[in-house]
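K.L.:
Below: one structure in C-alpha cells.
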Amino acid sequence: MTDEQLLRLCEKFGKRALLWRQKFTGLLPEVNRRRLYEKRGCQSIFEFAYKLAGLSKEQVQRAVQLERTFLDKPALHELLVRGQASLSKLAKIASVATLENEEFLAEQVKRLPRKALETLVRDERVFEKQNGVPKPLFAVKVVPGNNFELSDEVVQKLRRLHEQGQDVDAILLGLLELREERIAREKEEVASGLKATDSHYIPVRVRRVLREEFGKKCSIMTCPKPAEEIHHTQRFFLGRSHDPHYLAPLCHEHHQLAHAVDVRVREHW
Ligand SMILES: [Zn+2]
Ligand SMILES: [Zn+2]
C-alpha cells in the first residue's frame, strides 16, 4: 500500500467512524430515559456509552443536556436524536436557539461549516441586544472601531473651530455627508457604464468604488474581519451585471452566511 492509499483509507474510515458515533450518541438520551443500560448490566449511561462506543462522560453529558434543551425545538431535536449533526455544531447554536429561529438554525447546521456557524451565533447575539429586532444582513455599513486615533493636526483644527463657537459635530457630519454623496455619484456613474455580461469577473472600477465605500473590512458592521470576497446581494443571474449597488465585500464566513440567508429568503417568500 502506498502512503497516499493508506492516508485515503484512514480518511474514509475516520469519516465513517465519526458518523456512526454521532448516530449512536443521538440514541443515548432515550436509552437513558428508559434506563436501558441496566438491561445491558451497566450501572449508568456513562458506562454503557463507554463500553459500546468508547464515548467519554463529557460527551454523554453534553448529548443528554442538549437533548433536554431541544425538547421544545423539534427540528433541532431531530438533528440530534437522528445523529444528523455533530454535538459540537449543535452546542454552538444552542444558546441562541428559539422556537422562532430553530428551523432556520437546523438548516444552517446542516449546511454550514463550524466556523461559519460561530459567526452566525455572534451575529444573532448582537441582534438580540438590539431589542431582538433582526437587521437585514445588508442594511448595516462599516463604522470605525472605538479605538481609532485622530492626528494632532486634526485635533488642533477641531479645537480651534470649537473655540470659535462653531458646531464641530455639524461640520464633521456635513463633510461625511459630502463623502457619501460623492461615492453615491461615483457608483451611479460606474453602474450606468456597465453592460450586461456573463463574465463573473468584477471590473476594476467597480472594485475601486466598493473599496472607497467599505474600506478593507467585511461590510457587516459588527464584523472585524478583512473582506475576502465580493458578494452579489442581487443574484448575479437576475441582473447579469456587476452593479456596485448590489455588491458587498464580505469575509469568508459572512459570505457563506449570506448565501444561507439567500436560500431562506427564496424558500419563505
Ligand atoms: Zn456571494
Ligand atoms: Zn464578516
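Letters A, B, ... go to the chains of the C-alpha cells in the order shown; residues in each chain start at 1; ligands are counted from 1 in the same order.
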When DSSP is applied to the backbone of this structure, which of range 4-240 of chain A are assigned strand (DSSP E or B)? Write them out as a list of chain:residue names.
P.N.:
A:Lys217, A:Pro226, A:Glu229, A:Ile230, A:His231, A:His232
K.L.:
Output C-alpha atoms for every residue in that selection, as a short mmCIF file (atom, residue, chain, number, x, y, z; two decimals), in the first residue's frame.
P.N.:
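Written output follows (part.cif):
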```cif
data_model
loop_
_atom_site.label_atom_id
_atom_site.label_comp_id
_atom_site.auth_asym_id
_atom_site.auth_seq_id
_atom_site.Cartn_x
_atom_site.Cartn_y
_atom_site.Cartn_z
CA LYS A 217 -13.27 45.33 6.09
CA PRO A 226 -11.00 41.75 6.42
CA GLU A 229 -14.86 38.00 -1.27
CA ILE A 230 -17.38 40.15 -3.09
CA HIS A 231 -20.98 39.02 -2.81
CA HIS A 232 -23.78 39.82 -5.25
#
```
K.L.:
If the limit is 12 Å from any atom of ligand 1, counting only C-alpha atoms and all ligand atoms, which residues qualify? Return them as a ChimeraX atom specification.
P.N.:
/A:200,228-237,242,246-263
K.L.:
Skip Leu66 in chain A itself and residues of its chain fewer than 3 positions away, then list as number ranges by chain all residues within 9 Å of it, counting only C-alpha atoms.
P.N.:
A: 61-63, 69-71, 77, 80, 87, 90-91, 94
K.L.:
Give the answer as one residue: which of A:Arg125, A:His245, A:Arg16, A:Lys225 has the shortest atom-to-atom distance to ligand 2, using only C-alpha atoms and all ligand atoms?
P.N.:
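Once distances to ligand 2 are computed over only C-alpha atoms and all ligand atoms, the minimum belongs to A:Lys225.
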K.L.:
Please extract the residues of range 171-214 of chain A with a backbone DSSP assignment of alpha helix (DSSP H) and present them as a PyMOL selection string.
P.N.:
chain A and resi 171-192+204-214
K.L.:
To one decimal place, how far is CA of Lys89 in chain A from CA of Val64 in chain A in Å?
P.N.:
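Computing it gives 15.0 Å between the two atoms.
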K.L.:
Need the shell around Asn101 in chain A: protein/DNA/RNA residues with any atom at most 12 Å away, counting only C-alpha atoms. Skip same-chain ones fewer than 3 positions apart. Format as a list in words?
P.N.:
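Result of the neighbour search: Lys73, Pro74, Ala75, Leu76, Ile93, Ala94, Ser95, Val96, Ala97, Thr98, Phe104, Leu105, Ala106, Glu107, Gln108, Val121, Glu124, Gly132, Pro134 and Arg264 of chain A.
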K.L.:
Write the residues of the selection above to a file with N, CA and C atoms, as a short mmCIF file (atom, residue, chain, number, x, y, z; two decimals), in the first residue's frame.
P.N.:
```
data_model
loop_
_atom_site.label_atom_id
_atom_site.label_comp_id
_atom_site.auth_asym_id
_atom_site.auth_seq_id
_atom_site.Cartn_x
_atom_site.Cartn_y
_atom_site.Cartn_z
N LYS A 73 -37.90 22.21 20.70
CA LYS A 73 -37.45 22.70 19.38
C LYS A 73 -37.30 21.51 18.43
N PRO A 74 -38.40 21.12 17.80
CA PRO A 74 -38.46 19.83 17.10
C PRO A 74 -37.40 19.63 15.99
N ALA A 75 -37.11 20.68 15.23
CA ALA A 75 -36.16 20.50 14.12
C ALA A 75 -34.75 20.19 14.65
N LEU A 76 -34.35 20.94 15.67
CA LEU A 76 -33.03 20.71 16.26
C LEU A 76 -32.99 19.39 17.01
N ILE A 93 -24.94 26.40 18.50
CA ILE A 93 -26.12 27.23 18.24
C ILE A 93 -27.16 27.15 19.37
N ALA A 94 -26.93 26.23 20.32
CA ALA A 94 -27.94 26.01 21.37
C ALA A 94 -28.28 27.30 22.12
N SER A 95 -27.28 28.14 22.36
CA SER A 95 -27.51 29.32 23.20
C SER A 95 -28.39 30.37 22.52
N VAL A 96 -28.49 30.34 21.20
CA VAL A 96 -29.32 31.36 20.53
C VAL A 96 -30.60 30.77 19.94
N ALA A 97 -30.79 29.45 20.15
CA ALA A 97 -31.96 28.79 19.53
C ALA A 97 -33.25 29.19 20.24
N THR A 98 -34.26 29.53 19.45
CA THR A 98 -35.59 29.82 19.99
C THR A 98 -36.61 29.06 19.13
N PHE A 104 -34.70 27.51 10.99
CA PHE A 104 -33.63 28.16 10.23
C PHE A 104 -32.27 27.66 10.71
N LEU A 105 -32.10 27.61 12.03
CA LEU A 105 -30.81 27.16 12.58
C LEU A 105 -30.51 25.72 12.18
N ALA A 106 -31.54 24.87 12.21
CA ALA A 106 -31.34 23.46 11.84
C ALA A 106 -30.84 23.36 10.40
N GLU A 107 -31.41 24.18 9.52
CA GLU A 107 -30.95 24.23 8.12
C GLU A 107 -29.47 24.59 8.06
N GLN A 108 -29.12 25.63 8.82
CA GLN A 108 -27.74 26.14 8.78
C GLN A 108 -26.75 25.13 9.35
N VAL A 121 -23.80 32.76 15.12
CA VAL A 121 -24.21 32.89 16.52
C VAL A 121 -23.80 34.25 17.07
N GLU A 124 -26.27 36.71 15.77
CA GLU A 124 -27.58 36.57 16.44
C GLU A 124 -27.54 37.25 17.80
N GLY A 132 -33.95 42.57 20.08
CA GLY A 132 -34.46 41.40 19.39
C GLY A 132 -34.97 41.68 17.99
N PRO A 134 -34.21 41.77 14.35
CA PRO A 134 -33.14 41.39 13.45
C PRO A 134 -32.99 42.41 12.32
N ARG A 264 -32.88 31.04 2.54
CA ARG A 264 -34.04 31.20 3.42
C ARG A 264 -35.06 32.11 2.76
#
```
K.L.:
Between A:Leu178, A:Val154, A:Thr119, A:Glu103, which is the closest to ligand 2 once you count only C-alpha atoms and all ligand atoms?
P.N.:
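Checking each of A:Leu178, A:Val154, A:Thr119, A:Glu103 against ligand 2, counting only C-alpha atoms and all ligand atoms, the winner is A:Thr119.
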K.L.:
Pick out the closest residue to Leu79 in chain A from this set: A:Ala196, A:Ile183, A:Leu120, A:Leu27. Count only C-alpha atoms.
P.N.:
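Using only C-alpha atoms, Leu79 in chain A sits closest to A:Leu27.
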K.L.:
Compile the contact shell of range 44-56 of chain A as a VMD selection string: residues with an atom at most 10 Å away, counting only C-alpha atoms, same-chain residues fewer than 3 positions apart removed.
P.N.:
chain A and resid 20 to 21 24 to 25 28 to 29 31 to 33 35 to 38 40 to 41 59 to 61 64
K.L.:
Keeping C-alpha atoms for every residue in the selection just given, could you write it to a file as a short mmCIF file (atom, residue, chain, number, x, y, z; two decimals), in the first residue's frame?
P.N.:
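Produced file out_8.cif, reproduced below:
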```
data_model
loop_
_atom_site.label_atom_id
_atom_site.label_comp_id
_atom_site.auth_asym_id
_atom_site.auth_seq_id
_atom_site.Cartn_x
_atom_site.Cartn_y
_atom_site.Cartn_z
CA TRP A 20 -21.65 6.15 13.26
CA ARG A 21 -20.57 7.53 16.61
CA PHE A 24 -25.00 6.24 18.42
CA THR A 25 -24.78 9.40 20.54
CA LEU A 28 -28.34 7.92 24.26
CA PRO A 29 -30.91 10.35 25.72
CA VAL A 31 -31.65 4.94 26.33
CA ASN A 32 -31.11 6.99 29.45
CA ARG A 33 -34.81 7.78 29.82
CA ARG A 35 -32.77 3.09 31.73
CA LEU A 36 -31.96 0.53 29.06
CA TYR A 37 -28.33 0.49 30.17
CA GLU A 38 -29.42 -1.64 33.13
CA ARG A 40 -27.01 -4.45 29.48
CA GLY A 41 -25.68 -4.86 33.02
CA GLN A 59 -19.72 13.63 25.51
CA VAL A 60 -22.62 11.74 27.05
CA GLN A 61 -23.48 14.60 29.40
CA VAL A 64 -28.23 14.42 27.32
#
```
